[in-house]
Amino acid sequence: MPYHCCKAMIGPSVLDSDMACLADEANRALKAGATYLHLDVMDGHFVPTISFGPYVIECLRRHIPDTFFDCHMMTTHPENWVAQVAKAHGSKPGLLCYSFHYEATEPRGITQEVIDSIKAHNMKVGLVISPDTPTEAILKYADQIDLAMIMTVYPGKGGQSFIESMMTKVKTLREKYPNLDIALDGGVKPHTIAKGAEAGANLFVSGSGVYKAEDMSHNITTMQRCVEKLGNGKADDELTPLRSDKDEMEARKR
């Protein structure tokens, strides 16, 4: 794939953090080099799991006003939560994205209605497709969205591996929309991210790859550098510096 100019970003999925200390855990990942936060809202219907709702996002925003939030709405009725999530606008425009599943709205014929509602609430629009949904689902609305998210695992099911065959969808989108933010969600770790970066994705959601890492800073910056090199075509001396948790701790002691 040709290189693209879309910003490389690593977004920790906070579901893999210690949720009892959400703000601290989110800030820990940001200090380790993460560039945005991925917030999974699960309703127990669209997926079996229940996570948290818009009020938690609103509360988290009070602690983290300046960071981009991608709110991944794994909900049966995403149209019901637009206004509530919009209360979590950050310190400036463009820091809040409402990402909803095509599979939740298209069968009811309301995908366009949800897109319009998100825009009316001054949020960025993200459209998500699960592994069995074809790329054409996103292409139908690609001119109206800010972010296309390709699930590289089946939503709501734990213990899955990165589905490499989804990279054909990424390549198709990148070829047709060179300036579109394309995200991958599921099974993203330092040893899987290269395939996504080469295909043209620029945003990567990583849960256990960040929060279960022995060295969080090292994992985040390793993934960031991979996307910058393979996706943006940067030379080695232009890449984000490689960091480690040990280096960060020693720097704080000085």
# chains A, B, ... in the order shown; residues from 1 in each chain; ligands from 1
call {"tool": "select_by_dssp", "arguments": {"residues": "stretch 96-223 of chain A", "states": "strand (DSSP E or B)", "output": "VMD selection string"}}
result
chain A and resid 96 to 101 124 to 129 147 to 151 181 to 185 203 to 206
call {"tool": "select_by_dssp", "arguments": {"residues": "stretch 19-208 of chain A", "states": "helix (DSSP H, G or I)", "output": "number ranges by chain"}}
result
A: 19-31, 54-63, 78-80, 82-88, 102-108, 111-120, 136-139, 142-144, 164-176, 193-199, 208
call {"tool": "residues_around", "arguments": {"residues": "A:Val41", "least_positions_apart": "6", "cutoff": "10 Å", "atoms": "only C-alpha atoms", "output": "list in words"}}
result
Leu15, Val47, Thr49, Ile50, Ser51, Phe52, Gly53, Pro54, Val56, Ile57, Cys71, His72, Met73, Met74, Thr75, Pro78 and Phe100 of chain A
call {"tool": "write_last_selection", "arguments": {"atoms": "C-alpha atoms", "output": "mmCIF file, in the first residue's frame"}}
result
data_model
loop_
_atom_site.group_PDB
_atom_site.id
_atom_site.type_symbol
_atom_site.label_atom_id
_atom_site.label_comp_id
_atom_site.auth_asym_id
_atom_site.auth_seq_id
_atom_site.Cartn_x
_atom_site.Cartn_y
_atom_site.Cartn_z
ATOM 1 C CA LEU A 15 -11.985 -1.988 29.668
ATOM 2 C CA VAL A 47 -23.144 -7.808 23.044
ATOM 3 C CA THR A 49 -21.355 -7.825 28.355
ATOM 4 C CA ILE A 50 -22.380 -4.705 30.265
ATOM 5 C CA SER A 51 -19.606 -2.146 30.715
ATOM 6 C CA PHE A 52 -20.460 1.482 31.506
ATOM 7 C CA GLY A 53 -22.642 4.258 30.157
ATOM 8 C CA PRO A 54 -22.517 7.906 29.104
ATOM 9 C CA VAL A 56 -19.062 7.509 33.298
ATOM 10 C CA ILE A 57 -17.692 9.078 30.111
ATOM 11 C CA CYS A 71 -16.848 6.242 22.248
ATOM 12 C CA HIS A 72 -17.521 2.818 20.746
ATOM 13 C CA MET A 73 -21.234 2.205 21.160
ATOM 14 C CA MET A 74 -21.782 -1.545 21.226
ATOM 15 C CA THR A 75 -25.481 -0.988 21.807
ATOM 16 C CA PRO A 78 -27.198 3.783 19.580
ATOM 17 C CA PHE A 100 -21.783 3.123 16.313
#
call {"tool": "closest_atom_pairs", "arguments": {"of": "stretch 191-214 of chain A", "to": "stretch 239-249 of chain A", "cutoff": "12 Å", "atoms": "only C-alpha atoms", "output": "JSON lines"}}
result
{"residue": "A:Val210", "atom": "CA", "partner": "A:Asp245", "partner_atom": "CA", "distance": 11.9}
{"residue": "A:Ala213", "atom": "CA", "partner": "A:Asp245", "partner_atom": "CA", "distance": 10.5}
{"residue": "A:Glu214", "atom": "CA", "partner": "A:Asp245", "partner_atom": "CA", "distance": 8.9}
call {"tool": "closest_atom_pairs", "arguments": {"of": "stretch 19-82 of chain A", "to": "stretch 7-13 of chain A", "cutoff": "9 Å", "atoms": "only C-alpha atoms", "output": "JSON lines"}}
result
{"residue": "A:Ala26", "atom": "CA", "partner": "A:Pro12", "partner_atom": "CA", "distance": 8.1}
{"residue": "A:Ala29", "atom": "CA", "partner": "A:Pro12", "partner_atom": "CA", "distance": 7.1}
{"residue": "A:Leu30", "atom": "CA", "partner": "A:Pro12", "partner_atom": "CA", "distance": 8.7}
{"residue": "A:Gly33", "atom": "CA", "partner": "A:Ile10", "partner_atom": "CA", "distance": 8.3}
{"residue": "A:Ala34", "atom": "CA", "partner": "A:Ile10", "partner_atom": "CA", "distance": 5.4}
{"residue": "A:Thr35", "atom": "CA", "partner": "A:Met9", "partner_atom": "CA", "distance": 5.6}
{"residue": "A:Tyr36", "atom": "CA", "partner": "A:Gly11", "partner_atom": "CA", "distance": 4.7}
{"residue": "A:Leu37", "atom": "CA", "partner": "A:Gly11", "partner_atom": "CA", "distance": 4.8}
{"residue": "A:His38", "atom": "CA", "partner": "A:Ser13", "partner_atom": "CA", "distance": 4.8}
{"residue": "A:Leu39", "atom": "CA", "partner": "A:Ser13", "partner_atom": "CA", "distance": 6.2}
{"residue": "A:Asp40", "atom": "CA", "partner": "A:Ser13", "partner_atom": "CA", "distance": 7.3}
{"residue": "A:Phe69", "atom": "CA", "partner": "A:Gly11", "partner_atom": "CA", "distance": 8.8}
{"residue": "A:Asp70", "atom": "CA", "partner": "A:Gly11", "partner_atom": "CA", "distance": 8.5}
call {"tool": "write_last_selection", "arguments": {"atoms": "C-alpha atoms", "output": "mmCIF file, in the first residue's frame"}}
result
data_model
loop_
_atom_site.group_PDB
_atom_site.id
_atom_site.type_symbol
_atom_site.label_atom_id
_atom_site.label_comp_id
_atom_site.auth_asym_id
_atom_site.auth_seq_id
_atom_site.Cartn_x
_atom_site.Cartn_y
_atom_site.Cartn_z
ATOM 1 C CA ALA A 26 -6.473 6.453 31.650
ATOM 2 C CA ALA A 29 -1.687 5.177 29.584
ATOM 3 C CA LEU A 30 -1.561 8.736 28.262
ATOM 4 C CA GLY A 33 2.563 7.610 25.199
ATOM 5 C CA ALA A 34 -1.024 6.835 24.195
ATOM 6 C CA THR A 35 -2.601 9.467 21.962
ATOM 7 C CA TYR A 36 -6.318 8.888 22.572
ATOM 8 C CA LEU A 37 -8.733 6.802 24.655
ATOM 9 C CA HIS A 38 -11.134 4.137 23.408
ATOM 10 C CA LEU A 39 -14.282 3.852 25.526
ATOM 11 C CA ASP A 40 -16.468 0.761 24.995
ATOM 12 C CA PHE A 69 -12.253 10.157 23.189
ATOM 13 C CA ASP A 70 -13.584 7.554 20.777
#
call {"tool": "residues_around", "arguments": {"residues": "A:Phe162", "least_positions_apart": "3", "cutoff": "9 Å", "atoms": "only C-alpha atoms", "output": "list in words"}}
result
Thr152, Val153, Ser165, Met166, Asp185, Gly186, Gly187, Val188, Lys189 and Thr192 of chain A
call {"tool": "atom_distance", "arguments": {"atom1": "atom CA of A:Tyr141", "atom2": "atom CA of A:Arg61"}}
result
28.8 Å
call {"tool": "closest_residue", "arguments": {"among": "A:Asp18, A:Glu25, A:Asp43, A:Asp132", "to": "A:Gly156", "atoms": "only C-alpha atoms"}}
result
A:Asp43
call {"tool": "residues_around", "arguments": {"residues": "A:Ala86", "least_positions_apart": "3", "cutoff": "7 Å", "atoms": "only C-alpha atoms", "output": "PyMOL selection string"}}
result
chain A and resi 82-83+89+121+123
call {"tool": "closest_residue", "arguments": {"among": "A:Thr168, A:Ser130, A:Asn80, A:Ser161", "to": "A:Ser117", "atoms": "only C-alpha atoms"}}
result
A:Asn80
call {"tool": "atom_distance", "arguments": {"atom1": "atom CA of A:Leu173", "atom2": "atom CA of A:Thr222"}}
result
24.9 Å
call {"tool": "closest_residue", "arguments": {"among": "A:Ala201, A:Ala194, A:Ile163, A:Val114", "to": "A:Ala148", "atoms": "only C-alpha atoms"}}
result
A:Ala201
call {"tool": "closest_residue", "arguments": {"among": "A:Glu136, A:Ile150, A:Asp66, A:Asp236", "to": "A:Val205", "atoms": "only C-alpha atoms"}}
result
A:Ile150
call {"tool": "residues_around", "arguments": {"residues": "A:Gly126", "least_positions_apart": "6", "cutoff": "10 Å", "atoms": "only C-alpha atoms", "output": "PyMOL selection string"}}
result
chain A and resi 70-73+97-102+115+118+138+142+144-149+181-183
call {"tool": "closest_residue", "arguments": {"among": "A:Met151, A:Ala235, A:Val170, A:Leu127", "to": "A:Ser206", "atoms": "only C-alpha atoms"}}
result
A:Met151
call {"tool": "closest_residue", "arguments": {"among": "A:Asn202, A:Thr76, A:Thr67, A:Thr133", "to": "A:Thr105", "atoms": "only C-alpha atoms"}}
result
A:Thr76
call {"tool": "residues_around", "arguments": {"residues": "A:Asp16", "least_positions_apart": "5", "cutoff": "8 Å", "atoms": "only C-alpha atoms", "output": "MDAnalysis selection string"}}
result
chainID A and resid 207:208 211:212
call {"tool": "atom_distance", "arguments": {"atom1": "atom CA of A:Gly94", "atom2": "atom CA of A:Gly44"}}
result
28.9 Å
